[in-house]
Amino acid sequence: MCPLGVTACWQGIRGPGAPGVRVVEMRLKAIVIRFALLGSRPYRRLMTEAHAQRNLILILARDLASRLATPVFVVDHEGTLVYFNEAAEPVLGGTYAETGELRAGEWATEWTPTDDEGRSIPLEDLPLGVAFREGRASHLPFRIVGGDGVARAIEATAFPLLIRQGEIVGAIAVFWERPAEETAKR
């Protein structure tokens with residue numbers, strides 16, 4: 001220990017949250033400061049594994065969506081549209097190949113979502129927006145104008161995709177056209 005009361009030590013953290021991350025701990029009198037060595041090899045490996053887990057979950061979600069007969073929309077943790085299935089094409093008025101990846105703000109306005117009175121619905125209030133931003137399931141009936149220019153009344157239920165509690169990887173929305181007689185009642 002030096003005359004100023006500074007000590008330093010290296011520790012390896014072993015546990016579920018950060019295996020192999022090295023921490024530098026400096027003690028200056030009664031103050032403890034910790035620095036994770038972000039450039040260390042174990043940290044990079046940990047981040048690569050987390051990225052691979054995110055990708056795997058999105059790949060599995062896309063695979064599931066491709067096998068469903070119900071329209072499904074998949075977004076990543078930033079809200080970027082990464083896939084919608086063939087069943088969604090007639091409702092959205094176009095194919096995924098035509099649409100491609102869209103950022104959250106883009107897909108939230110691409111299909112012009114409105115409530116039954118014609119008021120625009122912001123991304124934050126759409127079920128998919130709630131699912132990937134707040135990490136909870138949401139359901140809402142609303143209207144869209146498809147890529148083909150046809151207005152449709154739909155309902156959507158969305159839920160988050162998680163790696164662990166509180167760590168959102170993306171979200172999935174399952175949606176369908178509302179029957180005309182139900183739409184007329186509203």
# chains A, B, ... in the order shown; residues from 1 in each chain; ligands from 1

$ select_by_dssp --residues "range 37-173 of chain A" --states "strand (DSSP E or B)" --output "PyMOL selection string"
chain A and resi 72-76+81-84+102+114+120+138-145+151-164+167-173

$ write_last_selection --atoms "N, CA and C atoms" --output "short mmCIF file (atom, residue, chain, number, x, y, z; two decimals), in the first residue's frame"
data_model
loop_
_atom_site.label_atom_id
_atom_site.label_comp_id
_atom_site.auth_asym_id
_atom_site.auth_seq_id
_atom_site.Cartn_x
_atom_site.Cartn_y
_atom_site.Cartn_z
N VAL A 72 -48.13 -12.71 -38.87
CA VAL A 72 -47.18 -12.45 -37.79
C VAL A 72 -46.13 -11.45 -38.29
N PHE A 73 -45.73 -10.56 -37.38
CA PHE A 73 -44.79 -9.48 -37.62
C PHE A 73 -43.70 -9.61 -36.56
N VAL A 74 -42.41 -9.61 -36.91
CA VAL A 74 -41.31 -9.77 -35.94
C VAL A 74 -40.39 -8.56 -36.02
N VAL A 75 -40.06 -7.97 -34.84
CA VAL A 75 -39.12 -6.86 -34.77
C VAL A 75 -37.98 -7.21 -33.82
N ASP A 76 -36.82 -6.56 -34.01
CA ASP A 76 -35.68 -6.78 -33.11
C ASP A 76 -35.76 -5.83 -31.91
N LEU A 81 -38.25 -3.87 -38.14
CA LEU A 81 -38.97 -5.00 -38.71
C LEU A 81 -37.97 -5.95 -39.34
N VAL A 82 -37.93 -7.19 -38.85
CA VAL A 82 -37.00 -8.18 -39.41
C VAL A 82 -37.73 -9.25 -40.23
N TYR A 83 -39.07 -9.32 -40.10
CA TYR A 83 -39.79 -10.33 -40.88
C TYR A 83 -41.28 -10.18 -40.67
N PHE A 84 -42.06 -10.45 -41.72
CA PHE A 84 -43.47 -10.79 -41.57
C PHE A 84 -43.75 -11.94 -42.52
N LEU A 102 -37.60 -2.39 -42.02
CA LEU A 102 -37.99 -1.01 -41.76
C LEU A 102 -37.72 -0.69 -40.31
N THR A 114 -54.59 3.85 -37.47
CA THR A 114 -55.53 4.80 -36.86
C THR A 114 -56.51 4.04 -35.99
N SER A 120 -54.72 9.16 -35.69
CA SER A 120 -53.46 8.44 -35.84
C SER A 120 -53.02 7.83 -34.50
N SER A 138 -49.47 -6.71 -25.18
CA SER A 138 -50.46 -5.67 -25.44
C SER A 138 -51.39 -6.12 -26.56
N HIS A 139 -52.62 -5.61 -26.55
CA HIS A 139 -53.62 -5.93 -27.57
C HIS A 139 -54.39 -4.67 -27.92
N LEU A 140 -54.74 -4.52 -29.20
CA LEU A 140 -55.47 -3.33 -29.63
C LEU A 140 -56.16 -3.57 -30.96
N PRO A 141 -57.45 -3.19 -31.08
CA PRO A 141 -58.09 -3.16 -32.39
C PRO A 141 -57.80 -1.79 -33.03
N PHE A 142 -57.48 -1.75 -34.32
CA PHE A 142 -57.23 -0.49 -35.02
C PHE A 142 -57.37 -0.70 -36.51
N ARG A 143 -57.12 0.32 -37.27
CA ARG A 143 -57.23 0.27 -38.73
C ARG A 143 -55.89 0.60 -39.35
N ILE A 144 -55.65 0.03 -40.53
CA ILE A 144 -54.45 0.34 -41.30
C ILE A 144 -54.85 0.54 -42.76
N VAL A 145 -53.95 1.16 -43.50
CA VAL A 145 -54.08 1.22 -44.95
C VAL A 145 -52.92 0.41 -45.49
N ALA A 151 -57.98 0.07 -47.08
CA ALA A 151 -58.13 0.24 -45.63
C ALA A 151 -58.67 -1.06 -45.03
N ARG A 152 -58.08 -1.45 -43.90
CA ARG A 152 -58.50 -2.69 -43.24
C ARG A 152 -58.62 -2.46 -41.73
N ALA A 153 -59.62 -3.09 -41.14
CA ALA A 153 -59.77 -3.09 -39.68
C ALA A 153 -59.10 -4.35 -39.17
N ILE A 154 -58.14 -4.20 -38.27
CA ILE A 154 -57.42 -5.36 -37.74
C ILE A 154 -57.39 -5.32 -36.22
N GLU A 155 -56.97 -6.42 -35.65
CA GLU A 155 -56.64 -6.50 -34.22
C GLU A 155 -55.26 -7.11 -34.14
N ALA A 156 -54.48 -6.65 -33.18
CA ALA A 156 -53.12 -7.17 -33.00
C ALA A 156 -52.85 -7.45 -31.53
N THR A 157 -52.17 -8.54 -31.29
CA THR A 157 -51.68 -8.89 -29.96
C THR A 157 -50.17 -9.07 -30.10
N ALA A 158 -49.42 -8.38 -29.27
CA ALA A 158 -47.96 -8.45 -29.35
C ALA A 158 -47.39 -8.81 -27.98
N PHE A 159 -46.23 -9.47 -28.01
CA PHE A 159 -45.53 -9.82 -26.77
C PHE A 159 -44.03 -9.73 -27.00
N PRO A 160 -43.28 -9.44 -25.93
CA PRO A 160 -41.82 -9.30 -26.08
C PRO A 160 -41.12 -10.64 -26.18
N LEU A 161 -39.95 -10.63 -26.79
CA LEU A 161 -39.05 -11.79 -26.81
C LEU A 161 -37.91 -11.45 -25.86
N LEU A 162 -37.66 -12.32 -24.90
CA LEU A 162 -36.65 -12.05 -23.87
C LEU A 162 -35.57 -13.11 -23.86
N ILE A 163 -34.33 -12.68 -23.57
CA ILE A 163 -33.25 -13.63 -23.29
C ILE A 163 -33.38 -14.04 -21.83
N ARG A 164 -33.48 -13.05 -20.97
CA ARG A 164 -33.67 -13.22 -19.54
C ARG A 164 -34.69 -12.16 -19.11
N GLU A 167 -34.44 -8.39 -20.29
CA GLU A 167 -33.54 -8.19 -21.43
C GLU A 167 -34.28 -8.53 -22.72
N ILE A 168 -34.82 -7.48 -23.35
CA ILE A 168 -35.67 -7.63 -24.53
C ILE A 168 -34.82 -7.79 -25.79
N VAL A 169 -35.12 -8.82 -26.55
CA VAL A 169 -34.43 -9.12 -27.81
C VAL A 169 -35.24 -8.61 -28.99
N GLY A 170 -36.54 -8.53 -28.82
CA GLY A 170 -37.44 -8.11 -29.88
C GLY A 170 -38.87 -8.34 -29.45
N ALA A 171 -39.76 -8.41 -30.44
CA ALA A 171 -41.17 -8.64 -30.13
C ALA A 171 -41.85 -9.27 -31.34
N ILE A 172 -42.96 -9.92 -31.07
CA ILE A 172 -43.78 -10.55 -32.10
C ILE A 172 -45.20 -10.01 -31.98
N ALA A 173 -45.80 -9.70 -33.12
CA ALA A 173 -47.22 -9.33 -33.14
C ALA A 173 -47.96 -10.34 -34.00
#

$ atom_distance --atom1 "CA of Glu86 in chain A" --atom2 "CA of Asp148 in chain A"
15.3 Å

$ closest_residue --among "A:Leu68, A:Gly79, A:Asp63, A:Asp115" --to "Val130 in chain A" --atoms "only C-alpha atoms"
A:Gly79

$ residues_around --residues "Leu92 in chain A" --least-positions-apart "3" --cutoff "8 Å" --atoms "only C-alpha atoms" --output "ChimeraX atom specification"
/A:88-89,95,111,145-148

$ write_last_selection --atoms "N, CA and C atoms" --output "compact mmCIF listing (two decimals), in the first residue's frame"
# COMPACT_ATOMS: atom_id res chain seq x y z
N ALA A 88 -49.33 -12.63 -43.56
CA ALA A 88 -49.48 -11.19 -43.31
C ALA A 88 -49.56 -10.38 -44.61
N GLU A 89 -49.09 -10.96 -45.70
CA GLU A 89 -49.02 -10.22 -46.96
C GLU A 89 -50.36 -9.68 -47.45
N THR A 95 -45.57 -7.85 -50.03
CA THR A 95 -44.72 -8.94 -49.55
C THR A 95 -43.56 -8.38 -48.72
N TRP A 111 -48.05 1.76 -42.70
CA TRP A 111 -49.41 1.27 -42.89
C TRP A 111 -50.46 2.20 -42.26
N VAL A 145 -53.95 1.16 -43.50
CA VAL A 145 -54.08 1.22 -44.95
C VAL A 145 -52.92 0.41 -45.49
N GLY A 146 -53.21 -0.69 -46.17
CA GLY A 146 -52.18 -1.59 -46.69
C GLY A 146 -51.37 -0.94 -47.79
N GLY A 147 -50.29 -1.58 -48.14
CA GLY A 147 -49.43 -1.13 -49.22
C GLY A 147 -50.16 -1.07 -50.56
N ASP A 148 -51.28 -1.79 -50.64
CA ASP A 148 -52.10 -1.79 -51.86
C ASP A 148 -53.16 -0.68 -51.85

$ atom_distance --atom1 "CA of Leu128 in chain A" --atom2 "CA of Trp107 in chain A"
10.6 Å

$ atom_distance --atom1 "CA of Phe132 in chain A" --atom2 "CA of Leu58 in chain A"
12.9 Å
